[in-house]
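Shown here: query.cif, mmCIF, C-alpha atoms.
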```cif
data_entry
#
loop_
_atom_site.label_atom_id
_atom_site.label_comp_id
_atom_site.auth_asym_id
_atom_site.auth_seq_id
_atom_site.Cartn_x
_atom_site.Cartn_y
_atom_site.Cartn_z
CA LYS D 20 -37.44 47.92 -15.07
CA PRO D 21 -36.97 44.41 -13.73
CA ARG D 22 -39.85 42.13 -14.58
CA GLY D 23 -41.35 39.28 -12.63
CA GLU D 24 -43.24 36.25 -13.95
CA ALA D 25 -45.44 36.62 -17.06
CA GLY D 26 -43.72 39.90 -17.97
CA GLN D 27 -45.24 41.85 -15.09
CA VAL D 28 -43.28 44.69 -13.60
CA ALA D 29 -41.71 43.49 -10.35
CA ARG D 30 -42.48 45.57 -7.29
CA LYS D 31 -40.32 45.85 -4.25
CA SER D 32 -41.80 44.09 -1.27
CA PRO D 33 -42.09 46.21 1.87
CA PRO D 34 -39.52 45.39 4.54
CA PRO D 35 -40.72 42.75 7.00
CA ASP D 36 -42.27 44.00 10.22
CA THR D 37 -39.89 42.96 12.97
CA SER D 38 -41.43 45.09 15.69
CA HIS D 39 -42.88 41.98 17.32
CA ARG D 40 -39.45 40.50 17.91
CA ARG D 41 -37.85 40.83 21.28
CA LYS D 42 -34.45 42.43 21.23
CA SER D 43 -33.11 40.12 23.92
CA ILE D 44 -32.62 36.41 23.55
CA HIS D 45 -35.57 34.44 24.85
CA ILE D 46 -35.55 30.91 26.14
CA LYS D 47 -38.00 28.53 24.47
CA LYS D 48 -38.01 26.01 27.27
CA THR D 49 -40.43 24.94 29.95
CA MET D 50 -38.12 26.14 32.68
CA ALA D 51 -37.25 29.46 34.24
CA ALA D 52 -34.83 31.56 32.21
CA PRO D 53 -31.26 31.36 33.56
CA ALA D 54 -29.37 34.30 34.98
CA ALA D 55 -27.83 36.66 32.45
CA SER D 56 -24.32 35.24 32.87
CA ASP D 57 -25.59 31.68 32.45
CA GLU D 58 -27.64 32.69 29.41
CA LYS D 59 -24.56 34.08 27.68
CA LYS D 60 -22.67 30.89 28.50
CA ASP D 61 -25.50 28.78 27.08
CA ALA D 62 -25.64 30.99 24.00
CA LEU D 63 -22.16 29.78 23.05
CA GLN D 64 -22.94 26.11 23.67
CA SER D 65 -23.68 24.07 20.58
CA LEU D 66 -24.58 20.97 22.59
CA ARG D 67 -25.15 19.55 26.06
CA TYR D 68 -24.05 16.01 26.73
CA THR D 69 -23.77 13.67 29.68
CA ARG D 70 -23.84 9.92 29.30
CA GLY D 71 -27.41 8.94 28.48
CA SER D 72 -28.56 12.53 27.80
CA PHE D 73 -27.92 14.68 24.75
CA GLU D 74 -29.31 18.01 23.51
CA VAL D 75 -28.28 20.27 20.63
CA LEU D 76 -28.88 23.95 20.07
CA ASP D 77 -31.36 24.56 17.24
CA GLN D 78 -29.28 26.96 15.18
CA LEU D 79 -32.15 27.84 12.86
CA VAL D 80 -33.80 29.92 15.60
CA VAL D 81 -30.64 31.78 16.70
CA PRO D 82 -30.37 34.72 17.40
CA HIS D 83 -34.07 35.28 18.05
CA GLY D 84 -34.43 32.17 20.20
CA LEU D 85 -32.36 29.79 22.25
CA GLU D 86 -33.82 26.30 22.10
CA PHE D 87 -32.13 23.00 22.87
CA LEU D 88 -33.52 19.93 21.14
CA PRO D 89 -33.36 16.46 22.70
CA VAL D 90 -31.44 13.87 20.68
CA LYS D 91 -32.32 10.39 21.88
CA ASP D 92 -30.90 8.21 19.14
CA ALA D 93 -29.19 8.11 15.76
CA ASN D 94 -32.46 8.88 13.99
CA ASP D 95 -32.73 12.16 15.91
CA GLY D 96 -29.08 12.88 15.12
CA TRP D 97 -29.70 12.23 11.42
CA SER D 98 -32.70 14.57 11.49
CA VAL D 99 -31.04 17.61 13.13
CA ILE D 100 -28.07 17.31 10.77
CA ARG D 101 -30.26 16.93 7.70
CA LYS D 102 -32.45 19.91 8.61
CA MET D 103 -29.34 22.05 9.31
CA GLN D 104 -30.46 22.60 12.89
CA VAL D 105 -26.81 21.84 13.56
CA ARG D 106 -24.10 22.73 11.08
CA GLY D 107 -20.36 23.17 10.92
CA ALA D 108 -18.16 20.25 9.92
CA PRO D 109 -16.69 19.47 13.38
CA LEU D 110 -20.08 19.70 15.10
CA ILE D 111 -21.83 17.51 12.53
CA ALA D 112 -19.34 14.70 13.18
CA MET D 113 -19.75 15.00 16.95
CA VAL D 114 -23.54 15.12 16.83
CA ALA D 115 -23.62 12.01 14.67
CA CYS D 116 -21.33 10.02 16.95
CA LEU D 117 -22.87 11.25 20.20
CA SER D 118 -26.40 10.55 18.95
CA LEU D 119 -25.38 6.93 18.43
CA ALA D 120 -23.56 6.90 21.78
CA VAL D 121 -26.69 8.04 23.62
CA GLU D 122 -28.76 5.42 21.78
CA ALA D 123 -26.29 2.68 22.69
CA SER D 124 -26.19 3.86 26.31
CA ALA D 125 -30.00 3.72 26.51
CA MET D 126 -29.99 0.20 25.11
CA ASP D 127 -27.37 -0.81 27.65
CA ALA D 128 -29.38 0.70 30.51
CA ALA D 129 -32.45 -1.22 29.30
CA GLY D 130 -30.53 -4.50 29.36
CA LYS D 131 -30.59 -4.93 25.59
CA VAL D 132 -26.82 -4.94 25.15
CA ALA D 133 -26.21 -7.71 27.69
CA GLY D 134 -27.74 -10.26 25.34
CA MET D 135 -25.63 -9.20 22.35
CA SER D 136 -22.47 -10.89 21.17
CA ALA D 137 -19.47 -8.75 20.25
CA ASP D 138 -20.20 -9.26 16.54
CA GLU D 139 -23.86 -8.35 16.97
CA ALA D 140 -22.93 -5.11 18.75
CA LYS D 141 -20.34 -4.37 16.06
CA ASP D 142 -22.86 -4.94 13.24
CA PHE D 143 -25.46 -2.77 14.98
CA LEU D 144 -23.03 0.15 15.42
CA LEU D 145 -21.70 -0.12 11.86
CA GLU D 146 -25.23 -0.15 10.41
CA ARG D 147 -26.23 2.92 12.42
CA MET D 148 -23.06 4.78 11.43
CA GLN D 149 -23.76 4.02 7.79
CA HIS D 150 -27.22 5.54 8.22
CA LEU D 151 -25.75 8.66 9.83
CA ARG D 152 -23.39 9.12 6.87
CA THR D 153 -26.40 9.79 4.62
CA SER D 154 -27.48 12.81 6.67
CA ARG D 155 -24.99 15.19 5.01
CA PRO D 156 -23.10 13.65 2.07
CA THR D 157 -20.74 16.65 1.84
CA ALA D 158 -19.65 16.65 5.50
CA VAL D 159 -16.03 15.51 5.36
CA ASN D 160 -15.60 15.34 9.15
CA LEU D 161 -18.61 13.05 9.41
CA PHE D 162 -17.00 10.52 7.07
CA VAL D 163 -13.61 10.79 8.74
CA ALA D 164 -15.13 10.21 12.19
CA THR D 165 -17.33 7.28 11.16
CA ASP D 166 -14.45 5.67 9.23
CA LYS D 167 -12.32 5.95 12.37
CA PHE D 168 -14.99 4.54 14.66
CA ALA D 169 -15.77 1.72 12.24
CA GLU D 170 -12.18 0.55 12.71
CA VAL D 171 -12.36 1.09 16.47
CA VAL D 172 -15.53 -1.03 16.70
CA LYS D 173 -14.08 -3.81 14.53
CA GLU D 174 -10.93 -3.97 16.61
CA ALA D 175 -12.95 -4.00 19.86
CA ALA D 176 -15.10 -6.88 18.59
CA ALA D 177 -12.01 -8.86 17.54
CA GLU D 178 -10.39 -8.70 20.98
CA LYS D 179 -10.18 -11.90 22.97
CA GLY D 180 -13.12 -12.22 25.36
CA ALA D 181 -14.98 -9.30 23.75
CA THR D 182 -18.68 -8.95 24.54
CA GLY D 183 -21.48 -6.80 23.24
CA ALA D 184 -21.11 -4.59 26.32
CA SER D 185 -17.36 -4.13 25.83
CA VAL D 186 -17.80 -3.14 22.18
CA VAL D 187 -20.53 -0.63 23.04
CA THR D 188 -18.48 0.84 25.90
CA THR D 189 -15.48 1.28 23.63
CA PHE D 190 -17.59 3.20 21.12
CA VAL D 191 -19.33 5.38 23.72
CA GLU D 192 -16.08 6.32 25.45
CA GLY D 193 -14.49 7.15 22.10
CA ALA D 194 -17.39 9.39 21.09
CA GLU D 195 -17.23 11.19 24.42
CA ALA D 196 -13.49 11.78 24.00
CA MET D 197 -14.25 13.69 20.77
CA LEU D 198 -15.68 16.55 22.84
CA GLU D 199 -12.59 17.17 24.90
CA ASN D 200 -10.26 16.59 21.97
CA ASP D 201 -12.13 19.06 19.76
CA LEU D 202 -12.05 21.82 22.38
CA ASN D 203 -8.33 21.32 23.04
CA ALA D 204 -7.55 21.27 19.31
CA ASN D 205 -9.52 24.47 18.76
CA LYS D 206 -7.71 26.33 21.53
CA THR D 207 -4.34 25.15 20.23
CA MET D 208 -5.30 26.25 16.72
CA GLY D 209 -6.41 29.62 18.07
CA ALA D 210 -3.11 30.20 19.85
CA TYR D 211 -0.98 29.26 16.82
CA GLY D 212 -3.23 31.18 14.46
CA LYS D 213 -3.03 34.31 16.59
CA GLU D 214 0.77 34.23 16.65
CA ALA D 215 0.93 33.62 12.89
CA MET D 216 -1.35 36.57 12.14
CA LEU D 217 0.55 38.91 14.44
CA ALA D 218 3.85 37.82 12.88
CA LYS D 219 2.59 38.74 9.40
CA ALA D 220 0.76 41.94 10.39
CA PRO D 221 1.76 44.92 8.21
CA GLY D 222 4.09 47.31 9.99
CA GLY D 223 4.22 45.09 13.05
CA ALA D 224 0.68 46.07 14.05
CA THR D 225 -0.52 44.61 17.33
CA LYS D 226 -4.20 45.45 16.81
CA LEU D 227 -5.69 43.58 13.85
CA LYS D 228 -8.78 44.03 11.72
CA VAL D 229 -10.09 40.62 10.64
CA VAL D 230 -12.63 39.48 8.05
CA THR D 231 -14.42 36.19 8.71
CA ILE D 232 -16.95 34.38 6.53
CA CYS D 233 -19.74 31.99 7.55
CA ASN D 234 -19.66 30.66 11.12
CA THR D 235 -16.56 28.90 12.41
CA GLY D 236 -16.98 29.57 16.11
CA SER D 237 -18.29 27.81 19.19
CA LEU D 238 -21.56 27.01 17.44
CA ALA D 239 -19.76 25.05 14.72
CA THR D 240 -17.64 23.04 17.15
CA ALA D 241 -17.60 21.71 20.71
CA GLY D 242 -16.45 25.17 21.79
CA TRP D 243 -14.06 28.06 21.06
CA GLY D 244 -14.11 27.60 17.29
CA THR D 245 -11.68 27.11 14.42
CA ALA D 246 -11.13 30.28 12.31
CA LEU D 247 -13.29 32.32 14.69
CA GLY D 248 -11.34 30.70 17.51
CA VAL D 249 -8.24 32.48 16.19
CA VAL D 250 -10.16 35.77 16.39
CA ARG D 251 -11.29 34.85 19.89
CA SER D 252 -7.65 34.27 20.86
CA LEU D 253 -6.72 37.69 19.46
CA HIS D 254 -9.49 39.29 21.48
CA GLU D 255 -8.43 37.44 24.64
CA THR D 256 -5.00 39.10 24.55
CA ASP D 257 -6.31 42.52 23.40
CA ASN D 258 -4.90 42.14 19.89
CA LEU D 259 -8.21 42.55 18.06
CA ASP D 260 -9.20 45.96 16.73
CA HIS D 261 -12.26 45.02 14.65
CA ILE D 262 -13.96 42.02 13.11
CA TYR D 263 -16.04 42.06 9.93
CA SER D 264 -18.53 39.21 9.76
CA CYS D 265 -19.65 38.25 6.25
CA GLU D 266 -22.76 36.17 5.60
CA THR D 267 -23.14 32.88 3.75
CA ARG D 268 -26.14 31.03 2.36
CA PRO D 269 -28.55 29.36 2.71
CA TYR D 270 -29.20 30.58 6.27
CA ASN D 271 -26.98 33.67 6.57
CA GLN D 272 -24.74 31.88 9.05
CA GLY D 273 -22.28 34.77 9.22
CA ALA D 274 -24.87 37.46 9.71
CA ARG D 275 -26.85 35.45 12.27
CA LEU D 276 -24.53 33.08 14.10
CA THR D 277 -21.13 34.76 13.94
CA ALA D 278 -22.57 38.18 14.71
CA PHE D 279 -24.40 36.60 17.64
CA GLU D 280 -21.19 35.05 18.98
CA ILE D 281 -19.26 38.30 18.56
CA VAL D 282 -21.81 40.33 20.50
#
```
Write out the structure in this file as structure tokens.
Amino acid sequence: KPRGEAGQVARKSPPPDTSHRRKSIHIKKTMAAPAASDEKKDALQSLRYTRGSFEVLDQLVVPHGLEFLPVKDANDGWSVIRKMQVRGAPLIAMVACLSLAVEASAMDAAGKVAGMSADEAKDFLLERMQHLRTSRPTAVNLFVATDKFAEVVKEAAAEKGATGASVVTTFVEGAEAMLENDLNANKTMGAYGKEAMLAKAPGGATKLKVVTICNTGSLATAGWGTALGVVRSLHETDNLDHIYSCETRPYNQGARLTAFEIV
């Protein structure tokens, strides 16, 4: 028999009592729950952003809760990435950059940017990006994005007549463009991936069974998804027969998040 610590015989723990859990998604917010159609739409949103306002979905409570956390500055962005409240390589990069964008926008609205020189604004943004890079040392997209924006900020500060405000605006607009670019790239990837899978399907099958691991869907990106986006594209054109969602550790992202998106 398997033994636990100190040579004692290990006993199976009883299954956890989940009878207290609601079967439907509940909204942990101080506002009325949205209509069912809106709730489903929100369920597939990883973030909510408008200039000066930023929230991210706390993915540690999905699927049993749907809670959006306010992100007011780069420190908040660092925290939600570090705690794995947001995850997925594309999303991590966007949350990092948008958290700094919302901080810079707040500073601008408070009149703090107006007194900065272009070099001062550049140094501030570079220092904050360096801090954000420490939130997840293994996140490749985070390093690619911050490397790119470091060059963008340096070039903006070197322009003739550059000011602190112009440097900040260049960064904020660039971070905002990441959202649209990510969604468009995902949909393009989904379309090409769908055609590639159908072209290689055994016997020319038009209904595919697909295995997916971890979570690579809307909750890992700005929307639609990468690998799961291909599956979504198959489903959209009625070419999906079945999807098998496999889990990954440490938070069972496949079993929780991908299964949630599929349903």
Practice problem: Identify the residues around (-12.0, 3.8, 13.6) within a radius of 12 Å, measuring from only C-alpha atoms in the coordinates stated by the file, and give them as an MDAnalysis selection string. | Solution: chainID D and resid 116 141 144:145 148 162:175 189:190 193:194
Using all atoms listed in the file, which residues sit within 12 Å of D:Gly96 once same-chain residues fewer than 2 positions away are excluded, as a PDB file with C-alpha atoms, in the coordinates of the input?
```pdb
ATOM      1  CA  LEU D  66     -24.580  20.970  22.590  1.00  0.00           C
ATOM      2  CA  PHE D  73     -27.920  14.680  24.750  1.00  0.00           C
ATOM      3  CA  GLU D  74     -29.310  18.010  23.510  1.00  0.00           C
ATOM      4  CA  VAL D  75     -28.280  20.270  20.630  1.00  0.00           C
ATOM      5  CA  LEU D  88     -33.520  19.930  21.140  1.00  0.00           C
ATOM      6  CA  PRO D  89     -33.360  16.460  22.700  1.00  0.00           C
ATOM      7  CA  VAL D  90     -31.440  13.870  20.680  1.00  0.00           C
ATOM      8  CA  LYS D  91     -32.320  10.390  21.880  1.00  0.00           C
ATOM      9  CA  ASP D  92     -30.900   8.210  19.140  1.00  0.00           C
ATOM     10  CA  ALA D  93     -29.190   8.110  15.760  1.00  0.00           C
ATOM     11  CA  ASN D  94     -32.460   8.880  13.990  1.00  0.00           C
ATOM     12  CA  SER D  98     -32.700  14.570  11.490  1.00  0.00           C
ATOM     13  CA  VAL D  99     -31.040  17.610  13.130  1.00  0.00           C
ATOM     14  CA  ILE D 100     -28.070  17.310  10.770  1.00  0.00           C
ATOM     15  CA  ARG D 101     -30.260  16.930   7.700  1.00  0.00           C
ATOM     16  CA  LYS D 102     -32.450  19.910   8.610  1.00  0.00           C
ATOM     17  CA  MET D 103     -29.340  22.050   9.310  1.00  0.00           C
ATOM     18  CA  GLN D 104     -30.460  22.600  12.890  1.00  0.00           C
ATOM     19  CA  VAL D 105     -26.810  21.840  13.560  1.00  0.00           C
ATOM     20  CA  ARG D 106     -24.100  22.730  11.080  1.00  0.00           C
ATOM     21  CA  LEU D 110     -20.080  19.700  15.100  1.00  0.00           C
ATOM     22  CA  ILE D 111     -21.830  17.510  12.530  1.00  0.00           C
ATOM     23  CA  ALA D 112     -19.340  14.700  13.180  1.00  0.00           C
ATOM     24  CA  MET D 113     -19.750  15.000  16.950  1.00  0.00           C
ATOM     25  CA  VAL D 114     -23.540  15.120  16.830  1.00  0.00           C
ATOM     26  CA  ALA D 115     -23.620  12.010  14.670  1.00  0.00           C
ATOM     27  CA  CYS D 116     -21.330  10.020  16.950  1.00  0.00           C
ATOM     28  CA  LEU D 117     -22.870  11.250  20.200  1.00  0.00           C
ATOM     29  CA  SER D 118     -26.400  10.550  18.950  1.00  0.00           C
ATOM     30  CA  LEU D 119     -25.380   6.930  18.430  1.00  0.00           C
ATOM     31  CA  ALA D 120     -23.560   6.900  21.780  1.00  0.00           C
ATOM     32  CA  VAL D 121     -26.690   8.040  23.620  1.00  0.00           C
ATOM     33  CA  GLU D 122     -28.760   5.420  21.780  1.00  0.00           C
ATOM     34  CA  ARG D 147     -26.230   2.920  12.420  1.00  0.00           C
ATOM     35  CA  MET D 148     -23.060   4.780  11.430  1.00  0.00           C
ATOM     36  CA  HIS D 150     -27.220   5.540   8.220  1.00  0.00           C
ATOM     37  CA  LEU D 151     -25.750   8.660   9.830  1.00  0.00           C
ATOM     38  CA  ARG D 152     -23.390   9.120   6.870  1.00  0.00           C
ATOM     39  CA  THR D 153     -26.400   9.790   4.620  1.00  0.00           C
ATOM     40  CA  SER D 154     -27.480  12.810   6.670  1.00  0.00           C
ATOM     41  CA  ARG D 155     -24.990  15.190   5.010  1.00  0.00           C
ATOM     42  CA  LEU D 161     -18.610  13.050   9.410  1.00  0.00           C
TER      43      LEU D 161
END
```
Quiz item: Exactly which residues make up the result of the PyMOL selection byres ((chain D and resi 140) around 10) on this file, given as an MDAnalysis selection string?
Solution: chainID D and resid 123 132:139 141:146 172:173 176 182:187
Mind writing the picked residues with C-alpha atoms as a PDB file, in the coordinates of the input?
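Below is the file that was written, part17.pdb:
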```
ATOM      1  CA  ALA D 123     -26.290   2.680  22.690  1.00  0.00           C
ATOM      2  CA  VAL D 132     -26.820  -4.940  25.150  1.00  0.00           C
ATOM      3  CA  ALA D 133     -26.210  -7.710  27.690  1.00  0.00           C
ATOM      4  CA  GLY D 134     -27.740 -10.260  25.340  1.00  0.00           C
ATOM      5  CA  MET D 135     -25.630  -9.200  22.350  1.00  0.00           C
ATOM      6  CA  SER D 136     -22.470 -10.890  21.170  1.00  0.00           C
ATOM      7  CA  ALA D 137     -19.470  -8.750  20.250  1.00  0.00           C
ATOM      8  CA  ASP D 138     -20.200  -9.260  16.540  1.00  0.00           C
ATOM      9  CA  GLU D 139     -23.860  -8.350  16.970  1.00  0.00           C
ATOM     10  CA  LYS D 141     -20.340  -4.370  16.060  1.00  0.00           C
ATOM     11  CA  ASP D 142     -22.860  -4.940  13.240  1.00  0.00           C
ATOM     12  CA  PHE D 143     -25.460  -2.770  14.980  1.00  0.00           C
ATOM     13  CA  LEU D 144     -23.030   0.150  15.420  1.00  0.00           C
ATOM     14  CA  LEU D 145     -21.700  -0.120  11.860  1.00  0.00           C
ATOM     15  CA  GLU D 146     -25.230  -0.150  10.410  1.00  0.00           C
ATOM     16  CA  VAL D 172     -15.530  -1.030  16.700  1.00  0.00           C
ATOM     17  CA  LYS D 173     -14.080  -3.810  14.530  1.00  0.00           C
ATOM     18  CA  ALA D 176     -15.100  -6.880  18.590  1.00  0.00           C
ATOM     19  CA  THR D 182     -18.680  -8.950  24.540  1.00  0.00           C
ATOM     20  CA  GLY D 183     -21.480  -6.800  23.240  1.00  0.00           C
ATOM     21  CA  ALA D 184     -21.110  -4.590  26.320  1.00  0.00           C
ATOM     22  CA  SER D 185     -17.360  -4.130  25.830  1.00  0.00           C
ATOM     23  CA  VAL D 186     -17.800  -3.140  22.180  1.00  0.00           C
ATOM     24  CA  VAL D 187     -20.530  -0.630  23.040  1.00  0.00           C
TER      25      VAL D 187
END
```
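Our summary of the geometry notes that atom CA of D:His83 is positioned 12.3 Å from atom CA of D:Ala278.
Computed from the coordinates, the atom CA of D:Lys131 to atom CA of D:Val191 distance equals 15.4 Å.
Distance annotation: of D:Ser237, D:Gln149, D:Ser72, D:Asn271, the residue with the minimal separation from D:Val249 is D:Ser237; atom set is only C-alpha atoms.
Distances from D:Pro109, D:Gly248, D:Gly71, D:Gly209 to D:Ser124 were compared using only C-alpha atoms, and the smallest one belongs to D:Gly71.
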